[in-house]
>>> print(open('start27.tsv').read())   # TSV, C-alpha atoms
chain	number	residue	atom	x	y	z
A	1	MET	CA	26.76	59.06	5.36
A	2	GLN	CA	28.70	57.19	8.02
A	3	GLN	CA	26.80	56.48	11.21
A	4	PRO	CA	28.37	57.72	14.46
A	5	ARG	CA	30.00	55.08	16.66
A	6	LEU	CA	27.89	53.60	19.40
A	7	ARG	CA	29.23	54.74	22.78
A	8	VAL	CA	28.77	52.57	25.88
A	9	CYS	CA	29.36	53.50	29.51
A	10	TYR	CA	30.34	50.25	31.27
A	11	PHE	CA	29.42	51.03	34.86
A	12	GLY	CA	29.72	49.66	38.38
A	13	THR	CA	31.79	47.83	40.95
A	14	TYR	CA	31.98	44.81	38.64
A	15	ARG	CA	34.90	42.38	38.80
A	16	ALA	CA	37.25	44.07	36.36
A	17	ASN	CA	39.35	40.96	35.62
A	18	TYR	CA	36.45	38.51	35.42
A	19	ALA	CA	36.27	36.83	32.03
A	20	ARG	CA	32.65	37.78	31.35
A	21	ASN	CA	33.35	41.50	31.76
A	22	THR	CA	36.64	41.56	29.86
A	23	ILE	CA	35.17	39.59	26.96
A	24	ILE	CA	32.06	41.76	26.68
A	25	ILE	CA	34.14	44.95	26.73
A	26	GLU	CA	36.69	43.65	24.24
A	27	GLY	CA	33.98	42.19	22.02
A	28	LEU	CA	32.20	45.53	21.83
A	29	ARG	CA	35.44	47.30	20.97
A	30	GLN	CA	36.29	44.80	18.26
A	31	VAL	CA	33.06	45.60	16.42
A	32	GLY	CA	33.63	49.34	16.60
A	33	VAL	CA	31.81	50.32	19.78
A	34	GLU	CA	33.50	52.92	21.96
A	35	VAL	CA	33.49	51.66	25.56
A	36	VAL	CA	34.20	53.99	28.46
A	37	GLU	CA	34.62	52.25	31.81
A	38	CYS	CA	33.32	53.89	34.97
A	39	HIS	CA	34.51	51.46	37.62
A	40	GLU	CA	35.56	51.24	41.25
A	41	THR	CA	36.52	48.08	43.15
A	42	LEU	CA	34.30	47.07	46.06
A	43	TRP	CA	35.04	43.37	46.53
A	44	GLN	CA	38.60	42.22	47.21
A	45	SER	CA	38.27	38.46	46.74
A	46	PHE	CA	35.94	35.47	46.81
A	47	GLU	CA	36.59	35.09	50.53
A	48	ASP	CA	35.76	38.76	51.07
A	49	ARG	CA	32.37	38.33	49.37
A	50	GLU	CA	31.58	35.17	51.33
A	51	ARG	CA	32.54	36.76	54.67
A	52	THR	CA	30.32	39.73	53.89
A	53	ALA	CA	27.35	37.56	52.90
A	54	SER	CA	27.84	35.43	56.05
A	55	GLY	CA	27.17	38.43	58.27
A	56	GLY	CA	30.12	40.72	57.70
A	57	TRP	CA	27.78	43.29	56.16
A	58	LEU	CA	26.62	44.15	59.69
A	59	ARG	CA	30.01	45.63	60.58
A	60	PRO	CA	30.42	49.43	60.38
A	61	SER	CA	33.73	48.97	58.54
A	62	PHE	CA	31.92	47.30	55.64
A	63	TRP	CA	29.43	50.15	55.29
A	64	LEU	CA	32.25	52.69	55.39
A	65	ARG	CA	33.89	50.79	52.54
A	66	VAL	CA	30.61	50.71	50.60
A	67	LEU	CA	30.06	54.43	51.11
A	68	SER	CA	33.58	55.39	50.07
A	69	THR	CA	33.47	53.09	47.02
A	70	TYR	CA	30.19	54.49	45.72
A	71	LEU	CA	31.29	58.06	46.39
A	72	ARG	CA	34.40	57.43	44.29
A	73	LEU	CA	32.29	55.79	41.60
A	74	LEU	CA	29.89	58.73	41.55
A	75	LEU	CA	32.77	61.20	41.40
A	76	ARG	CA	34.32	59.27	38.51
A	77	TYR	CA	30.98	59.41	36.69
A	78	VAL	CA	30.59	63.15	37.29
A	79	ARG	CA	34.01	63.77	35.75
A	80	MET	CA	33.48	61.67	32.63
A	81	PRO	CA	31.79	62.89	29.41
A	82	LYS	CA	28.06	62.12	29.32
A	83	ASN	CA	27.76	61.59	25.58
A	84	PHE	CA	27.26	57.83	25.84
A	85	ASP	CA	24.33	56.09	24.12
A	86	VAL	CA	23.67	53.32	26.61
A	87	MET	CA	24.81	52.41	30.12
A	88	VAL	CA	25.73	48.77	30.80
A	89	VAL	CA	26.13	47.45	34.35
A	90	GLY	CA	28.68	44.63	34.54
A	91	TYR	CA	28.75	41.47	36.65
A	92	PRO	CA	28.05	41.44	39.52
A	93	GLY	CA	25.70	44.41	39.54
A	94	GLN	CA	22.82	43.51	41.85
A	95	PHE	CA	23.40	46.68	43.90
A	96	ASP	CA	25.10	48.88	41.29
A	97	ILE	CA	21.94	48.79	39.20
A	98	PHE	CA	20.05	51.19	41.48
A	99	LEU	CA	22.62	53.98	41.24
A	100	ALA	CA	22.97	53.27	37.53
A	101	ARG	CA	19.20	53.67	37.10
A	102	LEU	CA	19.24	57.11	38.71
A	103	LEU	CA	22.16	58.26	36.56
A	104	SER	CA	20.75	56.86	33.31
A	105	TRP	CA	17.33	58.35	34.02
A	106	TRP	CA	18.96	61.73	34.58
A	107	GLN	CA	20.70	61.48	31.22
A	108	ARG	CA	17.65	59.88	29.56
A	109	LYS	CA	19.72	56.92	28.41
A	110	PRO	CA	18.73	53.23	28.26
A	111	LEU	CA	20.12	50.91	30.92
A	112	VAL	CA	21.28	47.33	30.31
A	113	TRP	CA	22.33	44.90	33.05
A	114	ASP	CA	24.47	41.85	32.33
A	115	VAL	CA	23.05	39.71	35.14
A	116	LEU	CA	25.01	36.55	34.28
A	117	MET	CA	24.25	34.80	37.59
A	118	SER	CA	21.86	35.00	40.54
A	119	ILE	CA	23.73	36.04	43.67
A	120	TYR	CA	20.78	34.77	45.70
A	121	LEU	CA	21.02	31.31	44.15
A	122	ILE	CA	24.78	31.21	44.70
A	123	CYS	CA	24.25	32.03	48.39
A	124	VAL	CA	21.70	29.24	48.77
A	125	GLU	CA	23.94	26.69	47.04
A	126	ARG	CA	26.80	27.56	49.38
A	127	GLY	CA	24.63	27.15	52.47
A	128	LEU	CA	24.57	30.81	53.47
A	129	ASP	CA	20.80	30.65	53.93
A	130	ARG	CA	21.43	28.34	56.90
A	131	ARG	CA	24.23	30.41	58.43
A	132	SER	CA	22.73	33.83	57.78
A	133	PRO	CA	19.09	33.54	56.67
A	134	LEU	CA	18.38	37.27	57.08
A	135	THR	CA	21.22	38.15	54.72
A	136	VAL	CA	19.96	35.78	52.04
A	137	ARG	CA	16.40	37.09	52.33
A	138	ILE	CA	17.70	40.64	51.85
A	139	ILE	CA	19.75	39.56	48.84
A	140	ARG	CA	16.71	37.89	47.27
A	141	PHE	CA	14.58	40.99	47.84
A	142	ALA	CA	17.28	43.25	46.37
A	143	GLU	CA	17.77	40.95	43.38
A	144	ARG	CA	14.04	40.96	42.67
A	145	LEU	CA	13.99	44.76	42.67
A	146	ALA	CA	17.13	44.84	40.55
A	147	CYS	CA	15.58	42.61	37.88
A	148	HIS	CA	12.72	45.08	37.41
A	149	THR	CA	14.98	48.15	37.26
A	150	PRO	CA	16.86	48.22	33.90
A	151	ASP	CA	15.43	48.42	30.40
A	152	MET	CA	17.11	45.19	29.36
A	153	LEU	CA	18.65	42.18	31.11
A	154	ILE	CA	21.28	39.83	29.70
A	155	LEU	CA	21.83	36.16	30.58
A	156	ASP	CA	23.75	33.41	28.83
A	157	THR	CA	21.15	30.63	28.48
A	158	GLN	CA	17.40	30.31	28.01
A	159	THR	CA	17.33	27.89	30.94
A	160	TYR	CA	18.57	30.65	33.24
A	161	VAL	CA	16.15	33.16	31.70
A	162	ASP	CA	13.27	30.82	32.50
A	163	TRP	CA	14.46	30.52	36.11
A	164	PHE	CA	14.63	34.30	36.60
A	165	CYS	CA	11.19	34.77	35.05
A	166	LYS	CA	9.71	32.15	37.39
A	167	ILE	CA	11.42	33.27	40.61
A	168	TYR	CA	11.16	37.04	40.13
A	169	ASP	CA	8.13	37.35	37.83
A	170	VAL	CA	10.08	39.15	35.10
A	171	ASP	CA	8.69	39.59	31.59
A	172	PRO	CA	10.70	37.24	29.31
A	173	ALA	CA	10.69	39.92	26.60
A	174	ARG	CA	13.08	42.00	28.71
A	175	PHE	CA	15.84	39.40	28.44
A	176	ARG	CA	18.41	38.89	25.72
A	177	ARG	CA	20.86	35.99	25.62
A	178	VAL	CA	24.59	36.50	25.18
A	179	PRO	CA	26.50	33.21	25.62
A	180	LEU	CA	29.78	32.94	27.42
A	181	CYS	CA	32.83	32.41	25.23
A	182	ALA	CA	36.62	32.39	25.23
A	183	ASP	CA	39.04	35.30	25.07
A	184	GLU	CA	41.17	34.48	22.04
A	185	ARG	CA	43.92	36.78	23.31
A	186	THR	CA	44.47	34.44	26.26
A	187	PHE	CA	43.35	31.13	24.77
A	188	PRO	CA	44.69	31.10	21.18
A	189	ALA	CA	43.56	28.73	18.47
A	190	VAL	CA	44.84	25.17	18.48
A	191	ALA	CA	47.46	25.78	15.78
A	192	ALA	CA	49.45	27.95	18.18
A	193	TRP	CA	50.09	25.08	20.62
A	194	GLN	CA	51.69	21.66	20.47
A	195	PRO	CA	51.18	19.19	23.34
A	196	SER	CA	54.47	18.25	24.97
A	197	ALA	CA	53.28	15.31	27.06
A	198	PRO	CA	54.76	11.91	26.24
A	199	ALA	CA	52.51	9.83	24.02
A	200	GLU	CA	52.05	7.20	26.72
A	201	ARG	CA	50.56	9.77	29.10
A	202	PHE	CA	46.91	10.84	29.17
A	203	ARG	CA	46.47	14.14	31.01
A	204	VAL	CA	43.10	15.12	32.45
A	205	LEU	CA	42.82	18.77	33.50
A	206	TYR	CA	40.48	20.53	35.91
A	207	TYR	CA	40.92	24.24	36.58
A	208	GLY	CA	38.65	26.62	38.39
A	209	THR	CA	37.35	27.91	41.69
A	210	TYR	CA	36.38	24.60	43.36
A	211	ILE	CA	32.84	25.81	43.97
A	212	PRO	CA	30.13	23.20	44.69
A	213	ASN	CA	28.59	23.34	41.22
A	214	HIS	CA	31.88	22.14	39.71
A	215	GLY	CA	31.45	18.70	41.30
A	216	VAL	CA	35.13	18.37	42.21
A	217	PRO	CA	34.58	15.37	44.56
A	218	TYR	CA	33.25	13.42	41.55
A	219	ILE	CA	36.47	14.16	39.67
A	220	VAL	CA	38.62	12.91	42.56
A	221	GLU	CA	36.45	9.80	42.71
A	222	ALA	CA	37.04	9.27	38.99
A	223	ALA	CA	40.79	9.51	39.62
A	224	ARG	CA	40.43	6.85	42.31
A	225	LEU	CA	38.53	4.50	40.00
A	226	LEU	CA	41.21	4.95	37.34
A	227	GLY	CA	44.08	4.59	39.80
A	228	ASP	CA	45.11	1.23	38.35
A	229	LEU	CA	45.99	2.99	35.08
A	230	PRO	CA	49.12	5.00	35.95
A	231	ALA	CA	49.29	6.52	32.46
A	232	ILE	CA	46.17	8.61	33.25
A	233	GLU	CA	47.15	11.70	35.24
A	234	PHE	CA	44.84	14.29	36.78
A	235	GLU	CA	45.86	17.93	37.22
A	236	PHE	CA	43.90	20.34	39.43
A	237	ILE	CA	44.59	24.06	39.05
A	238	GLY	CA	43.08	26.90	41.07
A	239	GLY	CA	41.60	27.43	44.50
A	240	GLY	CA	38.30	27.81	46.29
A	241	PRO	CA	35.88	26.35	48.85
A	242	GLN	CA	36.28	22.66	47.99
A	243	ARG	CA	40.01	22.58	47.28
A	244	GLU	CA	40.82	21.46	50.80
A	245	LEU	CA	38.22	18.68	50.48
A	246	ALA	CA	39.72	17.57	47.16
A	247	VAL	CA	43.23	17.43	48.63
A	248	HIS	CA	41.90	15.53	51.66
A	249	LEU	CA	40.16	12.95	49.46
A	250	ALA	CA	43.26	12.49	47.30
A	251	GLU	CA	45.38	11.90	50.41
A	252	ARG	CA	42.79	9.59	51.93
A	253	TYR	CA	42.68	7.49	48.75
A	254	GLU	CA	46.50	7.67	48.48
A	255	LEU	CA	46.22	8.75	44.86
A	256	ALA	CA	49.51	8.84	42.98
A	257	ASN	CA	47.85	10.01	39.77
A	258	VAL	CA	46.71	13.44	41.04
A	259	ARG	CA	48.62	16.73	41.18
A	260	PHE	CA	47.42	20.01	42.67
A	261	TYR	CA	48.54	23.48	41.60
A	262	GLY	CA	47.52	26.88	42.89
A	263	TRP	CA	46.44	29.74	40.67
A	264	LEU	CA	48.62	30.21	37.60
A	265	ASP	CA	49.04	33.24	35.39
A	266	LYS	CA	47.25	33.15	32.05
A	267	ALA	CA	50.28	32.07	30.05
A	268	GLU	CA	50.99	29.13	32.37
A	269	LEU	CA	47.33	28.13	32.41
A	270	GLY	CA	47.26	28.20	28.62
A	271	ALA	CA	50.29	25.92	28.51
A	272	HIS	CA	48.61	23.40	30.82
A	273	ILE	CA	45.44	23.44	28.71
A	274	ALA	CA	47.49	22.91	25.55
A	275	GLN	CA	49.20	19.86	27.06
A	276	ALA	CA	45.97	18.30	28.33
A	277	ASP	CA	44.43	15.35	26.53
A	278	LEU	CA	41.06	16.01	28.15
A	279	CYS	CA	39.73	19.17	29.85
A	280	LEU	CA	36.94	18.91	32.40
A	281	GLY	CA	33.92	21.18	32.71
A	282	THR	CA	31.53	20.92	35.65
A	283	PHE	CA	29.74	17.95	37.16
A	284	GLY	CA	27.65	19.39	39.97
A	285	ASP	CA	23.90	18.87	40.17
A	286	THR	CA	23.09	22.30	41.61
A	287	PRO	CA	20.65	24.56	39.71
A	288	GLN	CA	23.47	27.00	38.97
A	289	SER	CA	25.56	24.25	37.37
A	290	LEU	CA	22.67	22.99	35.26
A	291	MET	CA	21.69	26.43	33.95
A	292	THR	CA	25.05	27.73	32.70
A	293	VAL	CA	27.83	26.77	30.29
A	294	GLN	CA	31.06	27.79	32.00
A	295	ASN	CA	33.79	29.90	30.40
A	296	LYS	CA	36.37	27.15	30.77
A	297	ILE	CA	34.38	24.89	28.46
A	298	TYR	CA	34.65	27.44	25.66
A	299	GLU	CA	38.28	28.17	26.53
A	300	ALA	CA	39.36	24.55	26.18
A	301	MET	CA	37.33	24.18	22.99
A	302	ALA	CA	38.92	27.31	21.52
A	303	MET	CA	42.34	25.70	22.03
A	304	GLY	CA	41.21	22.49	20.35
A	305	ARG	CA	41.17	20.39	23.51
A	306	PRO	CA	38.56	17.66	23.98
A	307	VAL	CA	36.08	18.61	26.72
A	308	LEU	CA	34.10	16.40	29.07
A	309	THR	CA	31.37	18.02	31.15
A	310	GLY	CA	28.24	17.10	33.03
A	311	ALA	CA	25.01	16.75	31.09
A	312	SER	CA	22.68	19.71	31.58
A	313	PRO	CA	19.86	21.57	29.83
A	314	ALA	CA	22.22	24.53	29.29
A	315	VAL	CA	24.85	22.39	27.55
A	316	ARG	CA	22.23	20.78	25.30
A	317	GLU	CA	20.83	24.21	24.50
A	318	SER	CA	24.16	25.73	23.48
A	319	LEU	CA	26.23	22.83	22.09
A	320	ILE	CA	25.82	19.39	20.56
A	321	PRO	CA	27.11	16.63	22.88
A	322	GLY	CA	29.14	14.11	20.94
A	323	GLU	CA	30.06	16.64	18.26
A	324	HIS	CA	31.36	19.69	20.10
A	325	LEU	CA	32.12	18.01	23.43
A	326	LEU	CA	31.31	14.99	25.58
A	327	SER	CA	28.67	15.18	28.29
A	328	VAL	CA	27.83	12.63	30.97
A	329	VAL	CA	25.89	12.40	34.19
A	330	THR	CA	29.11	11.76	36.15
A	331	PRO	CA	32.76	12.06	35.05
A	332	THR	CA	33.57	8.46	35.97
A	333	GLN	CA	31.12	7.27	33.35
A	334	GLN	CA	33.01	8.77	30.40
A	335	LEU	CA	36.53	8.68	31.80
A	336	SER	CA	36.22	4.93	32.09
A	337	ARG	CA	35.51	4.79	28.35
A	338	GLN	CA	38.99	6.15	27.67
A	339	ARG	CA	40.38	2.74	28.65
A	340	SER	CA	39.17	1.57	25.25
A	341	GLY	CA	40.35	4.71	23.44
A	342	ALA	CA	36.93	6.25	22.75
A	343	SER	CA	37.14	9.05	20.19
A	344	MET	CA	36.79	12.67	21.29
A	345	PRO	CA	35.93	15.84	19.32
A	346	THR	CA	38.71	18.42	19.02
A	347	ARG	CA	39.03	20.79	16.07
A	348	THR	CA	35.30	20.76	15.37
A	349	ALA	CA	34.80	21.93	18.92
A	350	ALA	CA	37.32	24.71	18.46
A	351	ARG	CA	35.63	25.98	15.33
A	352	ARG	CA	32.26	25.86	17.08
A	353	SER	CA	33.64	27.78	20.04
A	354	LEU	CA	35.15	30.48	17.85
A	355	ARG	CA	31.84	30.90	16.05
A	356	LYS	CA	30.16	31.23	19.43
A	357	GLY	CA	32.62	33.93	20.41
A	358	ASN	CA	32.03	35.91	17.23
A	359	ALA	CA	28.28	35.65	17.70
A	360	THR	CA	28.66	36.95	21.22
A	361	THR	CA	30.38	40.18	20.22
A	362	SER	CA	27.85	40.90	17.48
A	363	ALA	CA	24.90	40.09	19.70
A	364	THR	CA	26.24	42.31	22.48
A	365	THR	CA	26.38	45.24	20.10
A	366	ALA	CA	22.86	44.60	18.86
A	367	TYR	CA	21.50	44.38	22.38
A	368	ALA	CA	23.20	47.61	23.40
A	369	GLN	CA	21.69	49.37	20.38
>>> encode(input="start27.tsv", output="structure tokens")
Amino acid sequence: MQQPRLRVCYFGTYRANYARNTIIIEGLRQVGVEVVECHETLWQSFEDRERTASGGWLRPSFWLRVLSTYLRLLLRYVRMPKNFDVMVVGYPGQFDIFLARLLSWWQRKPLVWDVLMSIYLICVERGLDRRSPLTVRIIRFAERLACHTPDMLILDTQTYVDWFCKIYDVDPARFRRVPLCADERTFPAVAAWQPSAPAERFRVLYYGTYIPNHGVPYIVEAARLLGDLPAIEFEFIGGGPQRELAVHLAERYELANVRFYGWLDKAELGAHIAQADLCLGTFGDTPQSLMTVQNKIYEAMAMGRPVLTGASPAVRESLIPGEHLLSVVTPTQQLSRQRSGASMPTRTAARRSLRKGNATTSATTAYAQ
């Protein structure tokens, strides 16, 4: 007798286009789980979230937006069928989890929260505790309550699980680990791409949100140290808090080997990754940076590109440095080795990344069950 399909209600004001959410949803669907999304947008952008955390939450207009968003979310939930087996709150869900708990209790369904990252820790790393200490204290209190609310919590590394257990006194048995991975629809396997860069060029690619835990100033410094080798070119793609600093440093050093691009669509980004000789991960020394393995590491690996990233407990936990990627304390350390043509892993890394992705979808299903 065939078992009925598992049905998941993916709930909240989560970032609908964020890789973690899209990959989890698609991964569940690929293994036969029916996923029904109950979603409303609360946050408009990174800048919107930072303004709110910096004190914008005190404005009446923000609370009107919160009220209207959650009323729409509740109305959407009321209208949807209630025959789901488990409710999953997507990232970020530090405040969605409380409404989700009430609704799942009412339906007598288990509740899972994909925590992914600590909003409190992110606020501290970006200095919001100095600009708005009351806000950060409230966020920490809310996050502590949130961690004790669902039946199960999901994080990507054991290092991060240990941090949450220590800071919020959570039972480790309540956590399950689902690693980050690459979306193969956007970042196809290496065979689908052929680098078009001239053989005499060596392209180094950074892309991302320029947040402090990426260590972008280190990358610019590496470009400066390698400035006497014009064949080595650095490309920066994206935008965020430290982009202006990166541009300023490049201008100050008068770097001719650095190019900056804004945000690109997925197809263009994929083309840049395919043409890169080396893709960069993160090099920050913040707790957040040391406890996670970023999506872009898996994305570059899935496309068969060599990856260089900062050494961290999370990287050592999830991958094998020297086999799947290269890891160093600072990017200048390894980039300098390329002067002598040091070998770099490529296809092995891609195969490893694809196995990681497959494991993620299966594990997500098991955890939901």
>>> residues_around(input="start27.tsv", residues="stretch 64-71 of chain A", least_positions_apart="4", cutoff="8 Å", atoms="only C-alpha atoms", output="PyMOL selection string")
chain A and resi 40-42+60+75
>>> atom_distance(input="start27.tsv", atom1="atom CA of A:Glu244", atom2="atom CA of A:Asn21")
28.6 Å
>>> closest_residue(input="start27.tsv", among="A:Ala231, A:Val220, A:Leu278, A:Ile273", to="A:Tyr253", atoms="only C-alpha atoms")
A:Val220
>>> atom_distance(input="start27.tsv", atom1="atom CA of A:Cys279", atom2="atom CA of A:Ala16")
25.9 Å
>>> residues_around(input="start27.tsv", residues="A:Arg176", least_positions_apart="2", cutoff="7 Å", atoms="only C-alpha atoms", output="VMD selection string")
chain A and resid 153 to 155 174 178
>>> closest_residue(input="start27.tsv", among="A:Ile25, A:Glu200, A:Leu229, A:Ala19", to="A:Asp277", atoms="all atoms listed in the file")
A:Glu200
>>> closest_residue(input="start27.tsv", among="A:His214, A:His272, A:His148, A:Arg137", to="A:Thr309", atoms="all atoms listed in the file")
A:His214
>>> residues_around(input="start27.tsv", residues="A:Phe141", least_positions_apart="5", cutoff="12 Å", atoms="all atoms listed in the file", output="VMD selection string")
chain A and resid 94 to 95 118 to 120 134 to 136 146 to 148 167 to 168
>>> residues_near_point(input="start27.tsv", point="(35.1, 59.4, 38.0)", cutoff="12 Å", atoms="only C-alpha atoms", output="PDB file with C-alpha atoms, in the coordinates of the input")
ATOM      1  CA  CYS A   9      29.360  53.500  29.510  1.00  0.00           C
ATOM      2  CA  PHE A  11      29.420  51.030  34.860  1.00  0.00           C
ATOM      3  CA  GLY A  12      29.720  49.660  38.380  1.00  0.00           C
ATOM      4  CA  VAL A  36      34.200  53.990  28.460  1.00  0.00           C
ATOM      5  CA  GLU A  37      34.620  52.250  31.810  1.00  0.00           C
ATOM      6  CA  CYS A  38      33.320  53.890  34.970  1.00  0.00           C
ATOM      7  CA  HIS A  39      34.510  51.460  37.620  1.00  0.00           C
ATOM      8  CA  GLU A  40      35.560  51.240  41.250  1.00  0.00           C
ATOM      9  CA  THR A  69      33.470  53.090  47.020  1.00  0.00           C
ATOM     10  CA  TYR A  70      30.190  54.490  45.720  1.00  0.00           C
ATOM     11  CA  LEU A  71      31.290  58.060  46.390  1.00  0.00           C
ATOM     12  CA  ARG A  72      34.400  57.430  44.290  1.00  0.00           C
ATOM     13  CA  LEU A  73      32.290  55.790  41.600  1.00  0.00           C
ATOM     14  CA  LEU A  74      29.890  58.730  41.550  1.00  0.00           C
ATOM     15  CA  LEU A  75      32.770  61.200  41.400  1.00  0.00           C
ATOM     16  CA  ARG A  76      34.320  59.270  38.510  1.00  0.00           C
ATOM     17  CA  TYR A  77      30.980  59.410  36.690  1.00  0.00           C
ATOM     18  CA  VAL A  78      30.590  63.150  37.290  1.00  0.00           C
ATOM     19  CA  ARG A  79      34.010  63.770  35.750  1.00  0.00           C
ATOM     20  CA  MET A  80      33.480  61.670  32.630  1.00  0.00           C
ATOM     21  CA  PRO A  81      31.790  62.890  29.410  1.00  0.00           C
ATOM     22  CA  LYS A  82      28.060  62.120  29.320  1.00  0.00           C
TER      23      LYS A  82
END
>>> closest_residue(input="start27.tsv", among="A:Asp183, A:Lys109, A:Ser289, A:Leu102", to="A:Thr22", atoms="all atoms listed in the file")
A:Asp183
>>> residues_around(input="start27.tsv", residues="A:Ile297", least_positions_apart="5", cutoff="9 Å", atoms="all atoms listed in the file", output="list in words")
Cys181, Ala182, Cys279, Leu280, Gly281, Thr282, Ala302, Val307, Leu308, Thr309, Leu325 and Ser353 of chain A
>>> closest_residue(input="start27.tsv", among="A:Pro313, A:Gly238, A:Pro230, A:Gly127", to="A:Pro287", atoms="all atoms listed in the file")
A:Pro313
>>> closest_atom_pairs(input="start27.tsv", of="stretch 142-165 of chain A", to="stretch 97-100 of chain A", cutoff="10 Å", atoms="only C-alpha atoms", output="JSON lines")
{"residue": "A:Ala142", "atom": "CA", "partner": "A:Phe98", "partner_atom": "CA", "distance": 9.7}
{"residue": "A:Glu143", "atom": "CA", "partner": "A:Ile97", "partner_atom": "CA", "distance": 9.8}
{"residue": "A:Leu145", "atom": "CA", "partner": "A:Phe98", "partner_atom": "CA", "distance": 8.9}
{"residue": "A:Ala146", "atom": "CA", "partner": "A:Ile97", "partner_atom": "CA", "distance": 6.4}
{"residue": "A:Cys147", "atom": "CA", "partner": "A:Ile97", "partner_atom": "CA", "distance": 9.0}
{"residue": "A:Thr149", "atom": "CA", "partner": "A:Ile97", "partner_atom": "CA", "distance": 7.3}
{"residue": "A:Pro150", "atom": "CA", "partner": "A:Ile97", "partner_atom": "CA", "distance": 7.4}
>>> closest_residue(input="start27.tsv", among="A:Ile237, A:Val8, A:Met303, A:Leu255", to="A:Glu268", atoms="only C-alpha atoms")
A:Ile237
>>> decode(input="start27.tsv", residues="stretch 304-320 of chain A", atoms="C-alpha atoms", output="PDB file, in the first residue's frame")
ATOM      1  CA  GLY A 304      33.505  23.055 -10.790  1.00  0.00           C
ATOM      2  CA  ARG A 305      35.303  26.252  -9.832  1.00  0.00           C
ATOM      3  CA  PRO A 306      38.214  26.179  -7.379  1.00  0.00           C
ATOM      4  CA  VAL A 307      37.251  27.831  -4.083  1.00  0.00           C
ATOM      5  CA  LEU A 308      39.412  29.669  -1.571  1.00  0.00           C
ATOM      6  CA  THR A 309      37.873  30.549   1.784  1.00  0.00           C
ATOM      7  CA  GLY A 310      38.906  31.414   5.299  1.00  0.00           C
ATOM      8  CA  ALA A 311      39.735  28.588   7.677  1.00  0.00           C
ATOM      9  CA  SER A 312      36.977  27.949  10.210  1.00  0.00           C
ATOM     10  CA  PRO A 313      35.557  25.167  12.393  1.00  0.00           C
ATOM     11  CA  ALA A 314      32.455  25.077  10.172  1.00  0.00           C
ATOM     12  CA  VAL A 315      34.488  24.545   6.988  1.00  0.00           C
ATOM     13  CA  ARG A 316      36.542  21.782   8.616  1.00  0.00           C
ATOM     14  CA  GLU A 317      33.341  20.168   9.874  1.00  0.00           C
ATOM     15  CA  SER A 318      31.613  20.107   6.484  1.00  0.00           C
ATOM     16  CA  LEU A 319      34.425  19.813   3.910  1.00  0.00           C
ATOM     17  CA  ILE A 320      38.013  18.646   3.588  1.00  0.00           C
TER      18      ILE A 320
END
